[in-house]
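The structure under discussion appears below in the form of structure tokens.
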Amino acid sequence: MKLTVTPQAQQWFEEEIDLESGKGIRFYGKVYGKTDVHEGFSVGLSVEAPETPLVETDVEGRRYFVEESDDWFFKGYDLVVDYDEKLDEPKYLFEKNKDFNV
């Protein structure tokens, strides 16, 4: 799995969320809502310290990650976190992971 945060999303997170030292932004699957690949589930986010990251990325000193416990939700996909200008919030795009074999 690959995790990408676009510059526009990074700017939104920087303006909206203060991070304490050692903490990052976690993305996870949550019940209710929908994504372009999941019906009945959506992407949630929280501010916390990583414990066992499945994937993490650092953008301008900010840590973004997905925990191993959320592998079920992201399995087979890469996550691109972008910015929705109209809604003024992050949007989540799932791209088939070319390296994933079922």
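To be explicit about the labels: the chains of the structure tokens are called A, B, and onward in the order shown, and within each one the residues are counted from 1, while ligands get numbers from 1 in the order they are shown.
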
Need the shell around Glu51 (chain A): protein/DNA/RNA residues with any atom at most 12 Å away, counting only C-alpha atoms. Skip same-chain ones fewer than 4 positions apart. Format as a PyMOL selection string?
chain A and resi 22-24+26+55-56+65-69

What residues in chain A get the DSSP label helix (DSSP H, G or I)? Please answer as a ChimeraX atom specification.
/A:7-16,68-74

Which of chain A DSSP labels strand (DSSP E or B), written as a ChimeraX atom specification
/A:3-5,24-34,39-48,53-59,62-67,77-84,89-96

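Every protein, DNA or RNA residue with an atom at most 12 Å from Glu16 (chain A), where only C-alpha atoms count and chain neighbours fewer than 5 positions away do not, is listed here: Ala9, Gln10, Gln11, Ile25, Val47, Asp88, Glu89 and Pro90 of chain A.
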
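CA of Leu87 (chain A) to CA of Val5 (chain A) spans 17.4 Å [interatomic distance, one decimal].
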
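The smallest atom-to-atom distance between Phe41 (chain A) and any of A:Phe13, A:Leu3, A:Phe73, A:Gly61, using only C-alpha atoms, is found for A:Phe73.
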
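Remark: for Tyr77 (chain A), the closest of the candidate residues A:Thr52, A:Tyr92, A:Met1, A:Thr57 is A:Met1 (distances computed over only C-alpha atoms).
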
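If you count only C-alpha atoms and ignore residues fewer than 6 places along the chain from Val43 (chain A), what sits within 7 Å of it is A:Phe27, A:Tyr28, A:Gly29, A:Lys30.
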
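Closest approach to Lys2 (chain A) from the set A:Arg63, A:Lys91, A:Lys75, A:Val31 is made by A:Lys75, with distances taken over only C-alpha atoms.
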
Shell of 10 Å around Val37 (chain A), only C-alpha atoms, local chain residues under 6 positions omitted, as a ChimeraX atom specification
/A:73-74,77,93-96

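In this structure, CA of Asp78 (chain A) sits 26.8 Å away from CA of Glu20 (chain A).
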
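Of note, CA of Asn97 (chain A) and CA of Gly76 (chain A) are spaced 5.3 Å apart.
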
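Checking A:Ser42, A:Glu85, A:Pro50, A:Glu15 one by one against Tyr64 (chain A), counting only C-alpha atoms, you find the shortest gap at A:Pro50.
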